[in-house]
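Chemist: For reference, the structure I am asking about is given below.
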Amino acid sequence: MPQPAVEVVDDAPALARAAADVVAAFVAADPDRTVVPATGETPLGLYAELAERHRAGRFDASSLTIVQLDDYRGLGPGDRRSLYGWMDRALLRPLAIADDRVLRLPADGDPDACAAFDRELEARGGIDLAILGVGENGHLGFNEPPSAAGSPTRIVALTRATIAANARYWGSDTDVPTEAVTLGLRPLLASRRILLLASGPRKREIVHRALDGPMGDDVPASFLRRAEGEVTVIVDRAAWEPA
Ligand code: F6R
């Protein structure tokens, strides 16, 4: 199993460009790819860069299939905290990707529906490219610690650390839902290609633990070292080197 390749770039704008080069080359080689895009702050620069290339006629995402990575559980329609809404604003609309090209997670996380989701994803050939961020606690998607490498798509209880980290998007801790539905580590780690992005000093410790620390359920991102496909980690200096 090849180890993740690490590319260190100067700063967040350089990270967005480097990641966009990887995504654009991957999609150009086969426009019908199946892609999982993380929400959160880290990939926003990448998505803006792709949108810019799309406007300039240099990137066509219209044939992609998008697989939803995660969402808070059981939000009502139009809830401002929906991560589907975040993905829609950051990626689908700017890249003119139609709603019907998205494989959506079951919003209520019903176990039978989650199992059916994993089966359908597998029947469609699985994930070609997963674009991921990492939580300061090592989560991938909302696979919170502890998560086993074989974990399926399911409901998870969010940890205090994640609720505190996500409060910055929604106001305060009490505005953050306590449960989520996440694509499991099993389908994620079976992706043909994984691009992990990390930016800023808050991610430095977890990036090094994930790549060099003990591999295990308490650092879900450490399982990237046993992913089936090619893993590329792009980090900026602040997320890699001591200040
Ligand atoms: C978001 C997601 C999360 C984030 C992670 C990092 O869909 O799945 O795993 O990627 O929490 O978030 P940011 O990028 O906001 O630091």
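In the structure tokens, chains take letters A, B, ... by order of appearance, with residues numbered from 1 within each chain and ligands from 1 in the order shown.
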Please, which residues in chain A fall within 10 Å of ligand 1 when counting only C-alpha atoms and all ligand atoms, and what is the closest atom pair and distance in Å to one decimal for each, ordered by chain then residue number, as CSV?
Modeler:
residue,atom,partner,partner_atom_place_in_ligand_line,distance
A:Val36,CA,ligand 1,7 (O),9.5
A:Pro37,CA,ligand 1,7 (O),7.3
A:Ala38,CA,ligand 1,7 (O),4.0
A:Thr39,CA,ligand 1,7 (O),3.6
A:Gly40,CA,ligand 1,15 (O),3.5
A:Glu41,CA,ligand 1,15 (O),3.7
A:Thr42,CA,ligand 1,14 (O),3.6
A:Pro43,CA,ligand 1,14 (O),6.4
A:Leu44,CA,ligand 1,14 (O),8.2
A:Gln68,CA,ligand 1,7 (O),8.4
A:Leu69,CA,ligand 1,7 (O),5.9
A:Asp70,CA,ligand 1,7 (O),5.5
A:Asp71,CA,ligand 1,7 (O),7.1
A:Tyr72,CA,ligand 1,7 (O),9.8
A:Leu83,CA,ligand 1,7 (O),6.9
A:Tyr84,CA,ligand 1,7 (O),9.1
A:Trp86,CA,ligand 1,7 (O),8.9
A:Met87,CA,ligand 1,7 (O),8.4
A:Ile131,CA,ligand 1,10 (O),8.7
A:Leu132,CA,ligand 1,10 (O),5.6
A:Gly133,CA,ligand 1,10 (O),3.4
A:Val134,CA,ligand 1,5 (C),4.5
A:Gly135,CA,ligand 1,11 (O),4.0
A:Glu136,CA,ligand 1,11 (O),7.3
A:Asn137,CA,ligand 1,11 (O),8.6
A:Gly138,CA,ligand 1,9 (O),8.4
A:His139,CA,ligand 1,9 (O),5.7
A:Leu140,CA,ligand 1,9 (O),4.5
A:Gly141,CA,ligand 1,8 (O),3.1
A:Phe142,CA,ligand 1,8 (O),5.4
A:Asn143,CA,ligand 1,9 (O),7.6
A:Glu144,CA,ligand 1,9 (O),8.7
A:Thr162,CA,ligand 1,11 (O),7.2
A:Ile163,CA,ligand 1,11 (O),9.9
A:Ala165,CA,ligand 1,11 (O),7.8
A:Asn166,CA,ligand 1,15 (O),7.3
A:Arg168,CA,ligand 1,15 (O),9.2
A:Tyr169,CA,ligand 1,15 (O),8.6
A:Thr182,CA,ligand 1,8 (O),7.9
A:Leu183,CA,ligand 1,8 (O),9.1
A:Leu196,CA,ligand 1,10 (O),8.9
A:Leu197,CA,ligand 1,14 (O),8.1
A:Ala198,CA,ligand 1,14 (O),7.3
A:Ser199,CA,ligand 1,16 (O),7.8
A:Gly200,CA,ligand 1,16 (O),8.9
A:Arg202,CA,ligand 1,16 (O),8.6
A:Lys203,CA,ligand 1,16 (O),7.9
A:Ala221,CA,ligand 1,9 (O),9.7
Chemist: As a compact mmCIF listing (two decimals) with N, CA, C and O atoms, in the first residue's frame, which residues of region 36-230 of chain A does DSSP assign to strand (DSSP E)?
Modeler:
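Wrote it out as part_26.txt, contents follow:
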# COMPACT_ATOMS: atom_id res chain seq x y z
N VAL A 36 -16.59 12.93 -4.05
CA VAL A 36 -17.11 13.31 -2.73
C VAL A 36 -16.45 14.63 -2.33
O VAL A 36 -15.22 14.67 -2.19
N PRO A 37 -17.20 15.70 -2.17
CA PRO A 37 -16.59 16.96 -1.76
C PRO A 37 -16.90 17.30 -0.29
O PRO A 37 -18.06 17.38 0.11
N THR A 65 -20.67 12.81 -10.98
CA THR A 65 -21.65 12.42 -9.97
C THR A 65 -21.06 12.86 -8.63
O THR A 65 -19.89 12.59 -8.34
N ILE A 66 -21.88 13.54 -7.84
CA ILE A 66 -21.42 14.03 -6.54
C ILE A 66 -22.05 13.17 -5.44
O ILE A 66 -23.25 12.90 -5.47
N VAL A 67 -21.23 12.75 -4.51
CA VAL A 67 -21.73 11.97 -3.38
C VAL A 67 -21.59 12.82 -2.12
O VAL A 67 -20.50 13.33 -1.83
N ASP A 70 -21.41 14.30 4.29
CA ASP A 70 -22.00 14.30 5.63
C ASP A 70 -23.00 15.43 5.77
O ASP A 70 -23.04 16.35 4.96
N ASP A 71 -23.81 15.31 6.81
CA ASP A 71 -24.72 16.41 7.15
C ASP A 71 -25.17 16.23 8.58
O ASP A 71 -25.05 15.14 9.14
N TYR A 72 -25.65 17.32 9.15
CA TYR A 72 -26.28 17.19 10.46
C TYR A 72 -27.55 16.38 10.27
O TYR A 72 -28.17 16.39 9.21
N VAL A 102 -26.55 14.39 -7.73
CA VAL A 102 -26.05 14.19 -6.37
C VAL A 102 -26.70 12.97 -5.72
O VAL A 102 -27.92 12.84 -5.70
N LEU A 103 -25.85 12.09 -5.21
CA LEU A 103 -26.33 10.98 -4.39
C LEU A 103 -26.36 11.49 -2.95
O LEU A 103 -25.32 11.74 -2.35
N LEU A 129 -12.96 10.00 -6.50
CA LEU A 129 -12.14 11.02 -5.82
C LEU A 129 -12.88 11.54 -4.60
O LEU A 129 -14.02 12.00 -4.71
N ALA A 130 -12.22 11.47 -3.45
CA ALA A 130 -12.77 12.08 -2.23
C ALA A 130 -11.90 13.28 -1.87
O ALA A 130 -10.68 13.15 -1.72
N ILE A 131 -12.54 14.43 -1.77
CA ILE A 131 -11.85 15.66 -1.37
C ILE A 131 -12.19 15.88 0.10
O ILE A 131 -13.36 16.11 0.44
N LEU A 132 -11.21 15.76 0.98
CA LEU A 132 -11.50 15.75 2.41
C LEU A 132 -10.74 16.84 3.16
O LEU A 132 -9.64 17.22 2.76
N ARG A 154 -23.55 5.94 8.46
CA ARG A 154 -24.35 5.78 9.68
C ARG A 154 -24.57 7.10 10.40
O ARG A 154 -23.94 8.11 10.06
N ILE A 155 -25.38 7.02 11.45
CA ILE A 155 -25.55 8.16 12.36
C ILE A 155 -24.38 8.18 13.33
O ILE A 155 -23.94 7.13 13.80
N VAL A 156 -23.87 9.39 13.63
CA VAL A 156 -22.85 9.51 14.66
C VAL A 156 -23.25 10.61 15.64
O VAL A 156 -23.90 11.58 15.25
N ALA A 157 -22.85 10.43 16.88
CA ALA A 157 -23.01 11.50 17.86
C ALA A 157 -21.78 12.39 17.73
O ALA A 157 -20.66 11.88 17.75
N GLU A 179 -26.09 15.47 16.43
CA GLU A 179 -25.94 14.22 15.68
C GLU A 179 -25.78 14.52 14.20
O GLU A 179 -26.26 15.55 13.70
N ALA A 180 -25.12 13.60 13.52
CA ALA A 180 -24.88 13.77 12.09
C ALA A 180 -25.04 12.43 11.39
O ALA A 180 -25.10 11.38 12.02
N VAL A 181 -25.11 12.50 10.07
CA VAL A 181 -25.06 11.30 9.23
C VAL A 181 -23.79 11.44 8.41
O VAL A 181 -23.53 12.52 7.85
N THR A 182 -22.99 10.40 8.38
CA THR A 182 -21.73 10.48 7.64
C THR A 182 -21.52 9.27 6.75
O THR A 182 -21.90 8.15 7.11
N ARG A 193 -9.00 7.62 -5.34
CA ARG A 193 -8.07 8.72 -5.10
C ARG A 193 -8.62 9.52 -3.92
O ARG A 193 -9.82 9.78 -3.87
N ILE A 194 -7.75 9.92 -3.02
CA ILE A 194 -8.16 10.79 -1.91
C ILE A 194 -7.25 12.00 -1.88
O ILE A 194 -6.01 11.87 -1.97
N LEU A 195 -7.87 13.15 -1.75
CA LEU A 195 -7.12 14.40 -1.62
C LEU A 195 -7.48 14.97 -0.25
O LEU A 195 -8.64 15.32 -0.01
N LEU A 196 -6.51 15.01 0.65
CA LEU A 196 -6.76 15.57 1.98
C LEU A 196 -6.12 16.95 2.04
O LEU A 196 -4.94 17.11 1.72
N LEU A 197 -6.91 17.93 2.46
CA LEU A 197 -6.42 19.30 2.52
C LEU A 197 -6.39 19.77 3.97
O LEU A 197 -7.31 19.49 4.74
N ALA A 198 -5.32 20.48 4.34
CA ALA A 198 -5.25 21.04 5.69
C ALA A 198 -4.52 22.37 5.63
O ALA A 198 -3.49 22.51 4.96
N GLU A 230 -4.83 5.95 -4.17
CA GLU A 230 -3.73 6.91 -4.02
C GLU A 230 -4.18 8.05 -3.11
O GLU A 230 -5.26 8.62 -3.32
Chemist: Tell me, as a list of chain:residue names, which residues lie within 9 Å of Phe59 (chain A), counting only C-alpha atoms; anything in the same chain fewer than 4 positions away does not count.
Modeler: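 These residues fall inside the cut-off: A:Ala24, A:Val27, A:Ala28, A:Leu50, A:Ala51, A:Glu52, A:Arg53, A:His54, A:Arg55, A:Leu95.
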Chemist: Which is closer to Val207 (chain A) than all the others in A:Pro220, A:Pro106, A:Pro94, A:Pro13, using only C-alpha atoms?
Modeler: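 Among the listed residues, A:Pro220 lies closest to Val207 (chain A).
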Chemist: Quick one: everything within 7 Å of Ala210 (chain A), counting only C-alpha atoms, minus sequence neighbours fewer than 2 positions away in the same chain. Send it as a ChimeraX atom specification.
Modeler: /A:206-208,212-213,219,221-222
Chemist: Keeping only N, CA, C and O atoms, write the selected residues to a file as a compact mmCIF listing (two decimals), in the first residue's frame.
Modeler:
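Now in again-v6.txt:
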# COMPACT_ATOMS: atom_id res chain seq x y z
N ILE A 206 -2.72 17.54 14.34
CA ILE A 206 -3.48 16.36 13.87
C ILE A 206 -2.92 15.84 12.55
O ILE A 206 -2.92 14.63 12.32
N VAL A 207 -2.42 16.73 11.70
CA VAL A 207 -1.83 16.26 10.43
C VAL A 207 -0.66 15.33 10.73
O VAL A 207 -0.55 14.23 10.16
N HIS A 208 0.18 15.72 11.68
CA HIS A 208 1.35 14.87 11.99
C HIS A 208 0.93 13.59 12.72
O HIS A 208 1.50 12.52 12.47
N ASP A 212 1.96 10.19 11.05
CA ASP A 212 3.12 9.56 11.70
C ASP A 212 2.82 8.90 13.04
O ASP A 212 3.66 8.19 13.57
N GLY A 213 1.66 9.18 13.62
CA GLY A 213 1.36 8.62 14.94
C GLY A 213 0.82 7.21 14.81
O GLY A 213 0.73 6.66 13.71
N VAL A 219 -7.88 8.09 16.00
CA VAL A 219 -7.50 9.11 15.01
C VAL A 219 -7.96 8.59 13.63
O VAL A 219 -7.17 8.01 12.87
N ALA A 221 -8.36 9.77 10.82
CA ALA A 221 -7.56 10.16 9.64
C ALA A 221 -6.29 9.33 9.50
O ALA A 221 -5.70 9.27 8.41
N SER A 222 -5.87 8.66 10.58
CA SER A 222 -4.67 7.83 10.47
C SER A 222 -4.90 6.66 9.50
O SER A 222 -3.96 6.11 8.94
Chemist: Taking only region 176-238 of chain A into account, list the residues labelled alpha helix (DSSP H) by DSSP (computed from the backbone), as a PyMOL selection string.
Modeler: chain A and resi 185-189+204-212
Chemist: Neighbouring residues of Arg124 (chain A) were defined as those with any atom within 12 Å, considering only C-alpha atoms; residues of the same chain fewer than 3 positions away were excluded. Please report them as a PyMOL selection string.
Modeler: chain A and resi 32-34+65-67+103+117-121+127-128
Chemist: Let's have the selection written as a PDB file, in the first residue's frame, with N, CA and C atoms.
Modeler:
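again.pdb, freshly written:
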ATOM      1  N   ASP A  32     -16.717  11.657 -16.255  1.00  0.00           N
ATOM      2  CA  ASP A  32     -17.841  10.980 -15.587  1.00  0.00           C
ATOM      3  C   ASP A  32     -17.490  10.485 -14.191  1.00  0.00           C
ATOM      4  N   ARG A  33     -16.530  11.096 -13.564  1.00  0.00           N
ATOM      5  CA  ARG A  33     -16.073  10.598 -12.257  1.00  0.00           C
ATOM      6  C   ARG A  33     -17.123  10.812 -11.164  1.00  0.00           C
ATOM      7  N   THR A  34     -16.956  10.024 -10.115  1.00  0.00           N
ATOM      8  CA  THR A  34     -17.788  10.161  -8.917  1.00  0.00           C
ATOM      9  C   THR A  34     -16.944  10.804  -7.825  1.00  0.00           C
ATOM     10  N   THR A  65     -20.669  12.814 -10.977  1.00  0.00           N
ATOM     11  CA  THR A  65     -21.649  12.424  -9.967  1.00  0.00           C
ATOM     12  C   THR A  65     -21.065  12.857  -8.625  1.00  0.00           C
ATOM     13  N   ILE A  66     -21.876  13.540  -7.837  1.00  0.00           N
ATOM     14  CA  ILE A  66     -21.418  14.032  -6.535  1.00  0.00           C
ATOM     15  C   ILE A  66     -22.046  13.170  -5.443  1.00  0.00           C
ATOM     16  N   VAL A  67     -21.231  12.748  -4.512  1.00  0.00           N
ATOM     17  CA  VAL A  67     -21.734  11.971  -3.378  1.00  0.00           C
ATOM     18  C   VAL A  67     -21.588  12.820  -2.121  1.00  0.00           C
ATOM     19  N   LEU A 103     -25.847  12.093  -5.211  1.00  0.00           N
ATOM     20  CA  LEU A 103     -26.333  10.981  -4.393  1.00  0.00           C
ATOM     21  C   LEU A 103     -26.363  11.486  -2.953  1.00  0.00           C
ATOM     22  N   PHE A 117     -27.811   2.933   0.945  1.00  0.00           N
ATOM     23  CA  PHE A 117     -26.954   3.963   0.336  1.00  0.00           C
ATOM     24  C   PHE A 117     -25.577   3.366   0.011  1.00  0.00           C
ATOM     25  N   ASP A 118     -24.994   2.648   0.965  1.00  0.00           N
ATOM     26  CA  ASP A 118     -23.669   2.038   0.720  1.00  0.00           C
ATOM     27  C   ASP A 118     -23.729   1.022  -0.415  1.00  0.00           C
ATOM     28  N   ARG A 119     -24.827   0.265  -0.456  1.00  0.00           N
ATOM     29  CA  ARG A 119     -24.962  -0.724  -1.540  1.00  0.00           C
ATOM     30  C   ARG A 119     -25.077  -0.030  -2.890  1.00  0.00           C
ATOM     31  N   GLU A 120     -25.855   1.047  -2.922  1.00  0.00           N
ATOM     32  CA  GLU A 120     -26.030   1.751  -4.188  1.00  0.00           C
ATOM     33  C   GLU A 120     -24.704   2.365  -4.658  1.00  0.00           C
ATOM     34  N   LEU A 121     -23.973   2.940  -3.695  1.00  0.00           N
ATOM     35  CA  LEU A 121     -22.678   3.542  -4.040  1.00  0.00           C
ATOM     36  C   LEU A 121     -21.743   2.476  -4.622  1.00  0.00           C
ATOM     37  N   ILE A 127     -16.325   5.351  -5.179  1.00  0.00           N
ATOM     38  CA  ILE A 127     -15.882   6.749  -5.258  1.00  0.00           C
ATOM     39  C   ILE A 127     -14.586   6.836  -6.058  1.00  0.00           C
ATOM     40  N   ASP A 128     -14.556   7.742  -7.016  1.00  0.00           N
ATOM     41  CA  ASP A 128     -13.314   7.960  -7.757  1.00  0.00           C
ATOM     42  C   ASP A 128     -12.395   8.918  -7.005  1.00  0.00           C
TER      43      ASP A 128
END
Chemist: So, with only C-alpha atoms as the atoms that count, which of A:Asp79, A:Asp108, A:Glu49, A:Asp217 lies closest to Leu91 (chain A)?
Modeler: A:Glu49
Chemist: Could you check how far CA of Val8 (chain A) sits from CA of Ala25 (chain A), in Å to one decimal?
Modeler: 19.0 Å
Chemist: For Arg186 (chain A), list every protein, DNA or RNA residue within 10 Å, evaluated using only C-alpha atoms, and leave out those in the same chain fewer than 2 positions away; present the list as a list of chain:residue names.
Modeler: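 Within the cut-off, the hits are A:Asp118, A:Ala148, A:Ala149, A:Gly150, A:Ser151, A:Pro152, A:Thr153, A:Leu183, A:Gly184, A:Leu188, A:Leu189, A:Ala190, A:Ser191, A:Ala227.
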Chemist: Could you give me, as a list in words, the residues within 9 Å of Pro31 (chain A), counting only C-alpha atoms and dropping anything in the same chain fewer than 4 positions from it?
Modeler: Phe26, Val27, Asp60, Ala61, Ser62, Ser63 and Leu64 of chain A
Chemist: Would you save the residues of that selection, restricted to C-alpha atoms, as a short mmCIF file (atom, residue, chain, number, x, y, z; two decimals), in the first residue's frame?
Modeler:
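The resulting result_22.cif:
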data_model
loop_
_atom_site.label_atom_id
_atom_site.label_comp_id
_atom_site.auth_asym_id
_atom_site.auth_seq_id
_atom_site.Cartn_x
_atom_site.Cartn_y
_atom_site.Cartn_z
CA PHE A 26 -8.41 14.01 -12.60
CA VAL A 27 -11.74 15.16 -14.04
CA ASP A 60 -16.35 21.19 -16.88
CA ALA A 61 -18.01 19.45 -13.95
CA SER A 62 -21.38 18.83 -15.57
CA SER A 63 -20.89 15.06 -15.99
CA LEU A 64 -19.64 14.39 -12.47
#
Chemist: If I take CA of Asp175 (chain A) and CA of Asp99 (chain A), how far is one from the other in Å, to one decimal?
Modeler: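 Taking CA of Asp175 (chain A) as the start and CA of Asp99 (chain A) as the end point, the length is 27.0 Å.
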